[in-house]
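As stored in data.cif (mmCIF, C-alpha atoms and all ligand atoms):
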data_final
#
loop_
_atom_site.label_atom_id
_atom_site.label_comp_id
_atom_site.auth_asym_id
_atom_site.auth_seq_id
_atom_site.Cartn_x
_atom_site.Cartn_y
_atom_site.Cartn_z
CA MET A 1 -0.92 31.32 23.59
CA ALA A 2 0.68 30.15 20.35
CA PRO A 3 2.01 26.59 20.52
CA ILE A 4 5.76 26.00 20.77
CA TYR A 5 7.12 23.63 18.12
CA PHE A 6 9.78 21.18 19.26
CA THR A 7 9.46 19.33 15.96
CA PRO A 8 12.65 18.54 14.03
CA GLY A 9 11.65 20.29 10.82
CA PRO A 10 9.70 22.21 9.93
CA ALA A 11 10.46 23.63 13.32
CA GLN A 12 9.76 26.56 15.61
CA LEU A 13 10.51 29.79 13.74
CA TYR A 14 13.40 31.86 15.02
CA PRO A 15 11.91 34.57 17.26
CA THR A 16 12.84 37.47 14.98
CA VAL A 17 11.38 35.97 11.76
CA ALA A 18 8.09 37.88 12.01
CA GLN A 19 9.76 41.27 12.33
CA HIS A 20 12.16 40.62 9.44
CA LEU A 21 9.33 39.31 7.27
CA GLN A 22 7.31 42.46 7.90
CA ALA A 23 10.35 44.66 7.18
CA GLY A 24 10.94 42.79 3.90
CA LEU A 25 7.31 43.31 2.90
CA ASP A 26 7.46 46.98 3.82
CA LYS A 27 10.59 47.40 1.66
CA GLN A 28 9.00 45.36 -1.21
CA VAL A 29 12.10 43.17 -1.31
CA PHE A 30 10.15 40.22 -2.71
CA SER A 31 9.12 42.05 -5.86
CA GLN A 32 12.63 43.15 -6.77
CA SER A 33 14.28 41.43 -9.72
CA HIS A 34 16.75 38.71 -8.87
CA ARG A 35 18.99 40.33 -11.51
CA SER A 36 18.97 43.67 -9.70
CA GLN A 37 21.84 45.21 -7.76
CA ALA A 38 19.60 45.00 -4.68
CA PHE A 39 19.54 41.19 -4.97
CA LYS A 40 23.29 41.00 -5.53
CA ASP A 41 23.76 43.08 -2.40
CA LEU A 42 21.46 40.73 -0.48
CA TYR A 43 23.39 37.64 -1.68
CA ARG A 44 26.70 39.32 -0.83
CA ARG A 45 25.47 40.22 2.65
CA THR A 46 24.09 36.71 3.28
CA ASP A 47 27.37 35.23 2.06
CA ALA A 48 29.33 37.43 4.49
CA ALA A 49 27.06 36.54 7.41
CA LEU A 50 27.27 32.78 6.71
CA ARG A 51 31.07 32.97 6.37
CA ALA A 52 31.30 34.62 9.76
CA LEU A 53 28.87 32.16 11.37
CA PHE A 54 30.67 29.07 10.06
CA ASN A 55 34.17 30.54 10.15
CA LEU A 56 34.32 29.48 6.52
CA PRO A 57 37.70 29.44 4.76
CA GLU A 58 37.91 32.03 2.00
CA GLU A 59 38.13 29.41 -0.77
CA TYR A 60 34.56 28.23 -0.09
CA ALA A 61 31.68 29.24 -2.33
CA ILE A 62 28.06 29.42 -1.13
CA TYR A 63 25.28 28.34 -3.51
CA PHE A 64 21.51 28.39 -3.05
CA THR A 65 19.34 25.45 -4.10
CA GLY A 66 15.75 24.36 -3.54
CA SER A 67 16.46 21.92 -0.71
CA ALA A 68 19.04 19.71 0.95
CA THR A 69 17.57 16.81 -1.01
CA GLU A 70 18.57 18.56 -4.21
CA ILE A 71 22.14 18.86 -2.92
CA TRP A 72 22.34 15.10 -2.33
CA GLU A 73 21.72 14.65 -6.04
CA ARG A 74 23.74 17.62 -7.32
CA SER A 75 26.79 16.71 -5.25
CA LEU A 76 26.86 13.15 -6.60
CA GLN A 77 26.23 14.31 -10.17
CA ASN A 78 29.05 16.84 -10.02
CA LEU A 79 31.61 15.20 -7.79
CA THR A 80 31.52 11.51 -8.68
CA ALA A 81 31.88 9.60 -11.91
CA GLN A 82 32.02 6.06 -10.57
CA ASN A 83 31.51 5.56 -6.88
CA SER A 84 30.70 6.90 -3.44
CA PHE A 85 30.97 5.67 0.15
CA HIS A 86 28.20 6.28 2.67
CA LEU A 87 28.05 6.20 6.42
CA VAL A 88 24.46 5.16 7.06
CA ASN A 89 22.87 5.30 10.50
CA GLY A 90 19.33 6.37 9.78
CA SER A 91 16.88 7.50 7.15
CA PHE A 92 18.58 10.68 5.99
CA SER A 93 22.07 9.24 5.55
CA LYS A 94 20.35 6.35 3.75
CA LYS A 95 18.64 8.74 1.34
CA TYR A 96 22.02 10.15 0.29
CA LEU A 97 22.98 6.55 -0.53
CA ASP A 98 19.71 6.07 -2.46
CA HIS A 99 20.56 9.02 -4.69
CA ALA A 100 23.94 7.47 -5.50
CA LYS A 101 22.23 4.22 -6.48
CA TRP A 102 19.66 6.03 -8.62
CA LEU A 103 22.53 7.70 -10.45
CA GLY A 104 24.09 4.32 -11.05
CA ARG A 105 27.16 4.84 -8.88
CA GLN A 106 28.93 1.89 -7.33
CA THR A 107 28.25 2.32 -3.64
CA GLU A 108 30.04 1.14 -0.55
CA VAL A 109 28.16 1.41 2.70
CA LEU A 110 29.04 1.25 6.34
CA GLN A 111 25.73 0.76 8.07
CA VAL A 112 25.13 0.58 11.82
CA PRO A 113 21.88 -0.20 13.64
CA PHE A 114 19.34 2.59 14.15
CA GLY A 115 20.31 4.54 17.26
CA GLU A 116 24.04 3.85 16.96
CA GLY A 117 26.93 5.94 15.73
CA PHE A 118 30.26 5.13 14.12
CA ASP A 119 33.51 3.98 15.60
CA ILE A 120 35.94 5.64 13.21
CA ASP A 121 38.88 3.51 14.33
CA HIS A 122 37.21 0.41 12.96
CA PHE A 123 36.46 0.89 9.34
CA GLN A 124 38.18 1.23 6.01
CA ILE A 125 37.40 3.27 2.94
CA LEU A 126 38.54 1.69 -0.31
CA GLU A 127 41.34 3.27 -2.31
CA GLY A 128 39.87 5.20 -5.23
CA THR A 129 36.70 6.30 -3.42
CA GLU A 130 35.59 9.60 -4.89
CA LEU A 131 33.25 10.91 -2.24
CA VAL A 132 32.30 10.04 1.33
CA GLY A 133 28.81 11.11 2.39
CA LEU A 134 27.68 11.29 6.00
CA ALA A 135 25.13 13.03 8.18
CA GLN A 136 26.68 14.96 11.05
CA ASN A 137 23.30 14.73 12.74
CA GLU A 138 20.90 11.92 11.88
CA THR A 139 17.51 13.55 12.44
CA SER A 140 15.63 10.25 12.32
CA SER A 141 17.47 8.52 15.19
CA GLY A 142 18.92 11.38 17.23
CA VAL A 143 22.49 10.19 16.69
CA CYS A 144 25.19 12.75 16.01
CA MET A 145 28.71 12.26 14.76
CA PRO A 146 31.06 14.28 16.98
CA VAL A 147 32.83 16.89 14.83
CA GLN A 148 36.22 15.61 16.03
CA ASP A 149 35.38 12.25 14.43
CA ILE A 150 34.51 13.97 11.16
CA HIS A 151 37.77 15.91 11.27
CA ALA A 152 39.67 12.69 11.99
CA LEU A 153 38.30 11.15 8.79
CA ARG A 154 40.31 13.68 6.81
CA THR A 155 43.52 12.45 8.44
CA LEU A 156 42.59 8.78 8.08
CA PHE A 157 41.30 9.07 4.52
CA PRO A 158 42.77 12.18 2.87
CA ASP A 159 41.82 11.38 -0.74
CA PRO A 160 38.03 11.18 -1.12
CA LEU A 161 35.92 14.33 -1.05
CA LEU A 162 34.17 14.60 2.29
CA SER A 163 30.52 15.71 2.07
CA VAL A 164 28.74 16.49 5.32
CA ASP A 165 24.98 16.83 5.78
CA ILE A 166 24.59 19.43 8.54
CA VAL A 167 20.87 19.98 8.01
CA SER A 168 19.79 19.36 11.61
CA GLY A 169 23.14 20.09 13.30
CA ALA A 170 23.84 23.59 11.95
CA PRO A 171 24.56 26.14 13.27
CA TYR A 172 25.36 24.28 16.50
CA ALA A 173 27.95 21.87 15.07
CA ALA A 174 31.37 23.53 15.17
CA LEU A 175 32.62 21.92 12.00
CA ASP A 176 36.15 22.83 10.86
CA PHE A 177 35.54 23.44 7.17
CA SER A 178 39.23 23.14 6.36
CA LYS A 179 38.89 19.43 7.18
CA VAL A 180 35.92 18.70 4.89
CA ASP A 181 35.15 19.59 1.28
CA MET A 182 31.49 20.47 1.28
CA ALA A 183 28.56 20.74 3.64
CA PHE A 184 24.91 21.61 3.21
CA PHE A 185 21.72 22.38 5.03
CA SER A 186 18.15 23.48 4.45
CA VAL A 187 16.72 26.30 6.52
CA GLN A 188 13.63 24.82 8.21
CA LYS A 189 15.58 23.04 10.95
CA GLY A 190 18.28 24.77 13.02
CA PHE A 191 17.80 28.14 11.38
CA GLY A 192 14.10 28.28 12.22
CA LEU A 193 12.91 29.52 8.83
CA PRO A 194 10.10 28.52 6.47
CA ALA A 195 11.13 25.57 4.27
CA GLY A 196 12.21 25.89 0.65
CA LEU A 197 15.89 26.84 0.56
CA GLY A 198 19.02 24.70 0.48
CA VAL A 199 22.47 26.14 1.18
CA TRP A 200 25.53 24.44 -0.29
CA LEU A 201 29.03 25.23 0.97
CA VAL A 202 31.63 24.06 -1.54
CA ASN A 203 35.44 24.24 -1.50
CA GLU A 204 38.00 24.54 -4.26
CA ARG A 205 38.80 20.83 -4.29
CA CYS A 206 35.17 20.07 -5.15
CA ARG A 207 35.20 22.68 -7.87
CA ARG A 208 38.34 21.17 -9.44
CA LYS A 209 36.70 17.76 -9.48
CA ALA A 210 33.51 19.22 -10.96
CA THR A 211 35.53 20.92 -13.71
CA GLN A 212 37.22 17.61 -14.50
CA LEU A 213 33.85 15.86 -14.90
CA GLU A 214 32.13 18.68 -16.77
CA GLY A 215 31.40 17.61 -20.35
CA GLN A 216 31.91 13.92 -19.56
CA GLN A 217 28.57 13.26 -17.88
CA TYR A 218 25.33 15.01 -17.03
CA THR A 219 26.08 17.35 -14.13
CA GLY A 220 22.78 19.15 -13.87
CA GLY A 221 22.89 21.80 -16.60
CA HIS A 222 21.80 25.07 -15.05
CA TYR A 223 22.22 23.52 -11.62
CA SER A 224 25.73 22.17 -12.08
CA ILE A 225 28.56 23.40 -9.89
CA LYS A 226 29.99 25.07 -12.99
CA SER A 227 26.83 27.08 -13.55
CA LEU A 228 26.18 27.76 -9.86
CA HIS A 229 29.76 28.96 -9.48
CA GLU A 230 29.77 31.25 -12.50
CA GLN A 231 26.63 32.85 -11.13
CA PHE A 232 27.95 32.94 -7.58
CA LEU A 233 30.98 34.96 -8.69
CA GLN A 234 28.54 37.78 -9.46
CA PHE A 235 26.25 37.01 -6.49
CA GLN A 236 23.68 35.66 -8.90
CA THR A 237 21.74 32.40 -9.19
CA PRO A 238 20.88 30.32 -12.29
CA CYS A 239 17.13 30.64 -11.69
CA THR A 240 14.83 32.91 -9.71
CA PRO A 241 15.72 31.85 -6.19
CA ASN A 242 13.73 31.83 -2.97
CA VAL A 243 14.46 35.49 -2.25
CA LEU A 244 12.08 35.47 0.70
CA ASP A 245 14.07 32.76 2.48
CA ILE A 246 17.43 34.23 1.47
CA TYR A 247 16.36 37.57 2.93
CA LEU A 248 15.20 35.96 6.16
CA LEU A 249 18.32 33.79 6.36
CA CYS A 250 20.53 36.84 5.99
CA HIS A 251 18.82 38.59 8.89
CA ILE A 252 18.52 35.54 11.14
CA VAL A 253 22.21 34.74 10.70
CA GLU A 254 23.08 38.34 11.55
CA ASP A 255 20.90 38.02 14.66
CA MET A 256 22.71 34.79 15.58
CA LEU A 257 26.06 36.55 15.14
CA ALA A 258 24.84 39.38 17.37
CA ALA A 259 23.77 36.85 20.02
CA GLY A 260 27.15 35.14 19.58
CA ILE A 261 27.55 31.68 18.08
CA ASP A 262 29.46 30.55 21.19
CA THR A 263 26.53 31.62 23.33
CA ILE A 264 24.09 29.78 21.06
CA ARG A 265 26.25 26.64 21.30
CA ARG A 266 26.47 26.87 25.07
CA GLN A 267 22.71 27.34 25.36
CA THR A 268 22.11 24.38 23.05
CA GLU A 269 24.33 22.23 25.25
CA SER A 270 22.71 23.30 28.49
CA LYS A 271 19.20 22.73 27.11
CA ALA A 272 20.32 19.31 25.83
CA ILE A 273 21.77 18.35 29.21
CA GLN A 274 18.50 19.34 30.86
CA LEU A 275 16.51 17.18 28.42
CA TYR A 276 18.78 14.14 28.66
CA ASN A 277 19.04 14.39 32.46
CA PHE A 278 15.28 14.35 32.62
CA LEU A 279 15.06 11.31 30.30
CA GLU A 280 17.66 9.47 32.42
CA GLU A 281 15.72 9.92 35.65
CA SER A 282 12.22 9.51 34.21
CA ASN A 283 10.19 6.31 34.58
CA LEU A 284 8.14 7.03 31.50
CA PHE A 285 10.96 7.92 29.10
CA LYS A 286 14.44 6.65 28.26
CA PRO A 287 17.05 8.22 26.01
CA PHE A 288 17.06 6.14 22.81
CA VAL A 289 20.73 6.65 21.97
CA GLN A 290 22.83 4.64 24.43
CA ASN A 291 26.29 6.06 23.82
CA PRO A 292 26.36 9.52 25.44
CA LEU A 293 29.02 10.66 22.92
CA HIS A 294 26.60 9.96 20.07
CA ARG A 295 23.56 11.62 21.65
CA SER A 296 22.57 14.54 19.51
CA PRO A 297 22.36 17.87 21.31
CA THR A 298 20.01 19.20 18.59
CA VAL A 299 17.53 16.34 18.09
CA VAL A 300 16.73 14.42 21.26
CA VAL A 301 15.00 11.08 20.74
CA ALA A 302 13.25 9.31 23.61
CA ASP A 303 11.68 5.88 23.96
CA VAL A 304 8.26 6.04 25.62
CA VAL A 305 8.17 3.15 28.06
CA ASP A 306 4.64 2.23 29.10
CA ARG A 307 2.14 3.84 26.74
CA PRO A 308 1.73 4.72 23.08
CA ALA A 309 3.88 7.66 22.01
CA ALA A 310 0.84 9.18 20.31
CA GLN A 311 -0.82 9.59 23.71
CA VAL A 312 2.17 11.54 25.03
CA ILE A 313 2.23 13.70 21.93
CA SER A 314 -1.46 14.56 22.16
CA LYS A 315 -1.31 15.32 25.91
CA LEU A 316 1.55 17.74 25.28
CA LYS A 317 -0.27 19.28 22.36
CA GLU A 318 -3.20 20.16 24.65
CA GLN A 319 -0.72 22.29 26.57
CA GLY A 320 0.61 23.99 23.45
CA LEU A 321 3.80 21.91 23.27
CA VAL A 322 4.31 20.21 19.91
CA VAL A 323 6.93 17.45 19.86
CA GLY A 324 7.78 15.23 16.91
CA SER A 325 6.78 11.61 16.55
CA GLY A 326 9.33 8.85 16.14
CA TYR A 327 10.61 8.31 12.62
CA GLY A 328 9.18 5.55 10.40
CA ASN A 329 8.90 2.27 12.32
CA TYR A 330 9.50 4.10 15.60
CA LYS A 331 6.38 6.21 15.31
CA GLU A 332 4.50 4.21 17.95
CA THR A 333 7.26 4.08 20.53
CA GLN A 334 9.35 7.24 20.36
CA ILE A 335 9.13 11.00 20.47
CA ARG A 336 11.63 13.44 18.98
CA ILE A 337 12.38 16.80 20.55
CA ALA A 338 14.21 19.40 18.48
CA ASN A 339 16.54 21.55 20.51
CA PHE A 340 17.25 24.21 17.91
CA PRO A 341 18.28 27.81 18.68
CA ALA A 342 14.68 29.01 18.19
CA VAL A 343 13.54 27.23 21.37
CA SER A 344 14.60 29.11 24.47
CA GLU A 345 15.75 27.84 27.83
CA ALA A 346 12.34 28.86 29.20
CA ASP A 347 10.62 26.80 26.46
CA VAL A 348 12.66 23.73 27.42
CA ASP A 349 11.91 24.32 31.13
CA GLN A 350 8.23 24.37 30.28
CA LEU A 351 8.49 21.18 28.22
CA VAL A 352 10.42 19.29 30.90
CA LYS A 353 7.87 20.36 33.51
CA ALA A 354 5.04 19.07 31.31
CA LEU A 355 6.87 15.79 30.59
CA ARG A 356 7.43 15.30 34.31
CA GLN A 357 3.72 15.62 35.00
CA LEU A 358 2.66 12.96 32.48
C1 LIG B 1 15.41 17.27 6.78
C2 LIG B 1 16.71 16.67 6.42
C3 LIG B 1 17.11 16.57 5.08
C4 LIG B 1 16.24 16.95 3.92
O1 LIG B 1 15.98 18.32 3.90
P1 LIG B 1 14.97 18.87 2.75
O2 LIG B 1 14.96 20.33 3.02
O3 LIG B 1 13.65 18.22 3.00
O4 LIG B 1 15.54 18.51 1.46
C5 LIG B 1 18.35 16.05 4.82
N1 LIG B 1 19.17 15.65 5.81
C6 LIG B 1 18.81 15.73 7.10
C7 LIG B 1 19.76 15.24 8.15
C8 LIG B 1 17.57 16.25 7.46
O5 LIG B 1 17.21 16.31 8.74
#

Can you present the structure in this file as structure tokens?
Amino acid sequence: MAPIYFTPGPAQLYPTVAQHLQAGLDKQVFSQSHRSQAFKDLYRRTDAALRALFNLPEEYAIYFTGSATEIWERSLQNLTAQNSFHLVNGSFSKKYLDHAKWLGRQTEVLQVPFGEGFDIDHFQILEGTELVGLAQNETSSGVCMPVQDIHALRTLFPDPLLSVDIVSGAPYAALDFSKVDMAFFSVQKGFGLPAGLGVWLVNERCRRKATQLEGQQYTGGHYSIKSLHEQFLQFQTPCTPNVLDIYLLCHIVEDMLAAGIDTIRRQTESKAIQLYNFLEESNLFKPFVQNPLHRSPTVVVADVVDRPAAQVISKLKEQGLVVGSGYGNYKETQIRIANFPAVSEADVDQLVKALRQL
């Protein structure tokens, strides 16, 4: 039996990946020119599927990049001249901040301890802030920011551009894109695809700001919003893109639409409840995130109470169940369980059974 990956990226492949990959090979899709009509049709179809999945307002554009990491840098290069504000509650939100510092931006940070989320009623964002960066789901700590809180930021702070990292929350997180300005993800987490593709969802407000800054600073050349957008208007990309991943993404998103995004969200929630209920009643594990409102449904992090986490991980591995280790300093004491759409209710049942027997 092939192992089941509960790792938070790269993660278990979506069940239909193999069949779509074979179909793509059979049709020789991956040898076709990225300047061909066939590629434009693929981009157009992927664009339509993603719009439907995210209920994306018409004004949004969809660009392809190499990774989410690239989008951290591109977004700051194109959308800020001076400063940015970052909500930091783990390693990934911190890396967005690092990019801003590397680019020489003045940064303001609201940082909370690892494992905690944000209380939006108790912070201020300075007047004149150009961009606010946050992670809707902090993959390192298993803390999520409820989408209502993200939407509320728009009302509290209408001026700065709001940039949301949805890498490990999408497609579960029901973000209202009319209340943010951009969001982005890479495909090896919630979409269950091989790594190597970033997807950047960008509204008109971002594009106006990018146009304003164009010519005044380095915005990335071929990879600037200006260039990406000119290409996007013809369903083209500045460079030869990861056609393999775009093709798979197109088909996986169509499969998710066929399954129903509401169904996928409900299943994610019921699998998450099962996992957290188990952690609550277990003597060996405890949920790491204390505030139930901030517990991520998509990346579940558990403290291992009376033995090294590595022992738990290797015992599970013997049974074909691959869970992630804790992040960074928490490697010895935590495990992380990805609850992405690619893992079924039966997979989670099997994992909980195995955890119970440890
Ligand atoms: C994995 C991850 C990233 C980085 O994705 P890459 O594809 O490695 O660039 C960024 N943000 C979050 C929240 C992630 O989980």

Checklist line | Closest of A:Gln216, A:Ser93, A:Ser224, A:Gln22 to ligand LIG 1 (chain B) - atom-to-atom distances counting all atoms listed in the file | finding: A:Ser93

Contact table chain A vs ligand LIG 1 (chain B), cut-off 6 Å, shortest pair per residue, all atoms listed in the file, as a Markdown table:
| residue | atom | partner | partner_atom | distance |
| --- | --- | --- | --- | --- |
| A:Ser67 | CA | B:LIG1 | O4 | 4.1 |
| A:Ala68 | CA | B:LIG1 | O4 | 3.7 |
| A:Thr69 | CA | B:LIG1 | O4 | 3.6 |
| A:Phe92 | CA | B:LIG1 | N1 | 5.0 |
| A:Ala135 | CA | B:LIG1 | C7 | 5.8 |
| A:Asn137 | CA | B:LIG1 | C7 | 5.8 |
| A:Glu138 | CA | B:LIG1 | C7 | 5.1 |
| A:Thr139 | CA | B:LIG1 | O5 | 4.6 |
| A:Asp165 | CA | B:LIG1 | N1 | 5.9 |
| A:Val167 | CA | B:LIG1 | C6 | 4.8 |
| A:Ser168 | CA | B:LIG1 | O5 | 4.9 |
| A:Ser186 | CA | B:LIG1 | O2 | 4.7 |

Next item on the list: Please provide as a list in words all residues within 8 Å of range 242-257 of chain A, with the sequence filter that same-chain residues fewer than 4 positions apart are discarded (counting only C-alpha atoms).
Entry: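 Once the adjacent positions are removed, what remains is Tyr14, Thr16, Val17, His20, Leu21, Gly24, Val29, Phe30, His34, Leu42, Tyr43, Arg45, Thr46, Ala49, Leu50, Ala52, Leu53, Gly66, Val187, Phe191, Leu193, Pro194, Ala195, Gly196, Leu197, Ile261 and Ile264 of chain A.
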
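The gap separating CA of Ile4 in chain A from CA of Gln334 in chain A is 19.1 Å, in Å to one decimal.
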
Next item on the list: With only C-alpha atoms counted, which protein, DNA or RNA residues have an atom no more than 12 Å from (23.2, 28.9, -4.6) in the file frame? Please answer as a PyMOL selection string.
Entry: chain A and resi 43-44+46-47+61-68+70-71+74+184-186+197-202+222-243+246

Based on the selection just made, write C-alpha atoms of those residues as a PDB file, in the coordinates of the input.
ATOM      1  CA  TYR A  43      23.390  37.640  -1.680  1.00  0.00           C
ATOM      2  CA  ARG A  44      26.700  39.320  -0.830  1.00  0.00           C
ATOM      3  CA  THR A  46      24.090  36.710   3.280  1.00  0.00           C
ATOM      4  CA  ASP A  47      27.370  35.230   2.060  1.00  0.00           C
ATOM      5  CA  ALA A  61      31.680  29.240  -2.330  1.00  0.00           C
ATOM      6  CA  ILE A  62      28.060  29.420  -1.130  1.00  0.00           C
ATOM      7  CA  TYR A  63      25.280  28.340  -3.510  1.00  0.00           C
ATOM      8  CA  PHE A  64      21.510  28.390  -3.050  1.00  0.00           C
ATOM      9  CA  THR A  65      19.340  25.450  -4.100  1.00  0.00           C
ATOM     10  CA  GLY A  66      15.750  24.360  -3.540  1.00  0.00           C
ATOM     11  CA  SER A  67      16.460  21.920  -0.710  1.00  0.00           C
ATOM     12  CA  ALA A  68      19.040  19.710   0.950  1.00  0.00           C
ATOM     13  CA  GLU A  70      18.570  18.560  -4.210  1.00  0.00           C
ATOM     14  CA  ILE A  71      22.140  18.860  -2.920  1.00  0.00           C
ATOM     15  CA  ARG A  74      23.740  17.620  -7.320  1.00  0.00           C
ATOM     16  CA  PHE A 184      24.910  21.610   3.210  1.00  0.00           C
ATOM     17  CA  PHE A 185      21.720  22.380   5.030  1.00  0.00           C
ATOM     18  CA  SER A 186      18.150  23.480   4.450  1.00  0.00           C
ATOM     19  CA  LEU A 197      15.890  26.840   0.560  1.00  0.00           C
ATOM     20  CA  GLY A 198      19.020  24.700   0.480  1.00  0.00           C
ATOM     21  CA  VAL A 199      22.470  26.140   1.180  1.00  0.00           C
ATOM     22  CA  TRP A 200      25.530  24.440  -0.290  1.00  0.00           C
ATOM     23  CA  LEU A 201      29.030  25.230   0.970  1.00  0.00           C
ATOM     24  CA  VAL A 202      31.630  24.060  -1.540  1.00  0.00           C
ATOM     25  CA  HIS A 222      21.800  25.070 -15.050  1.00  0.00           C
ATOM     26  CA  TYR A 223      22.220  23.520 -11.620  1.00  0.00           C
ATOM     27  CA  SER A 224      25.730  22.170 -12.080  1.00  0.00           C
ATOM     28  CA  ILE A 225      28.560  23.400  -9.890  1.00  0.00           C
ATOM     29  CA  LYS A 226      29.990  25.070 -12.990  1.00  0.00           C
ATOM     30  CA  SER A 227      26.830  27.080 -13.550  1.00  0.00           C
ATOM     31  CA  LEU A 228      26.180  27.760  -9.860  1.00  0.00           C
ATOM     32  CA  HIS A 229      29.760  28.960  -9.480  1.00  0.00           C
ATOM     33  CA  GLU A 230      29.770  31.250 -12.500  1.00  0.00           C
ATOM     34  CA  GLN A 231      26.630  32.850 -11.130  1.00  0.00           C
ATOM     35  CA  PHE A 232      27.950  32.940  -7.580  1.00  0.00           C
ATOM     36  CA  LEU A 233      30.980  34.960  -8.690  1.00  0.00           C
ATOM     37  CA  GLN A 234      28.540  37.780  -9.460  1.00  0.00           C
ATOM     38  CA  PHE A 235      26.250  37.010  -6.490  1.00  0.00           C
ATOM     39  CA  GLN A 236      23.680  35.660  -8.900  1.00  0.00           C
ATOM     40  CA  THR A 237      21.740  32.400  -9.190  1.00  0.00           C
ATOM     41  CA  PRO A 238      20.880  30.320 -12.290  1.00  0.00           C
ATOM     42  CA  CYS A 239      17.130  30.640 -11.690  1.00  0.00           C
ATOM     43  CA  THR A 240      14.830  32.910  -9.710  1.00  0.00           C
ATOM     44  CA  PRO A 241      15.720  31.850  -6.190  1.00  0.00           C
ATOM     45  CA  ASN A 242      13.730  31.830  -2.970  1.00  0.00           C
ATOM     46  CA  VAL A 243      14.460  35.490  -2.250  1.00  0.00           C
ATOM     47  CA  ILE A 246      17.430  34.230   1.470  1.00  0.00           C
TER      48      ILE A 246
END

Item checked: CA of Cys144 in chain A to CA of Pro292 in chain A, distance in Å rounded to a single decimal ->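 Computing the Euclidean distance for CA of Cys144 in chain A and CA of Pro292 in chain A yields 10.0 Å.
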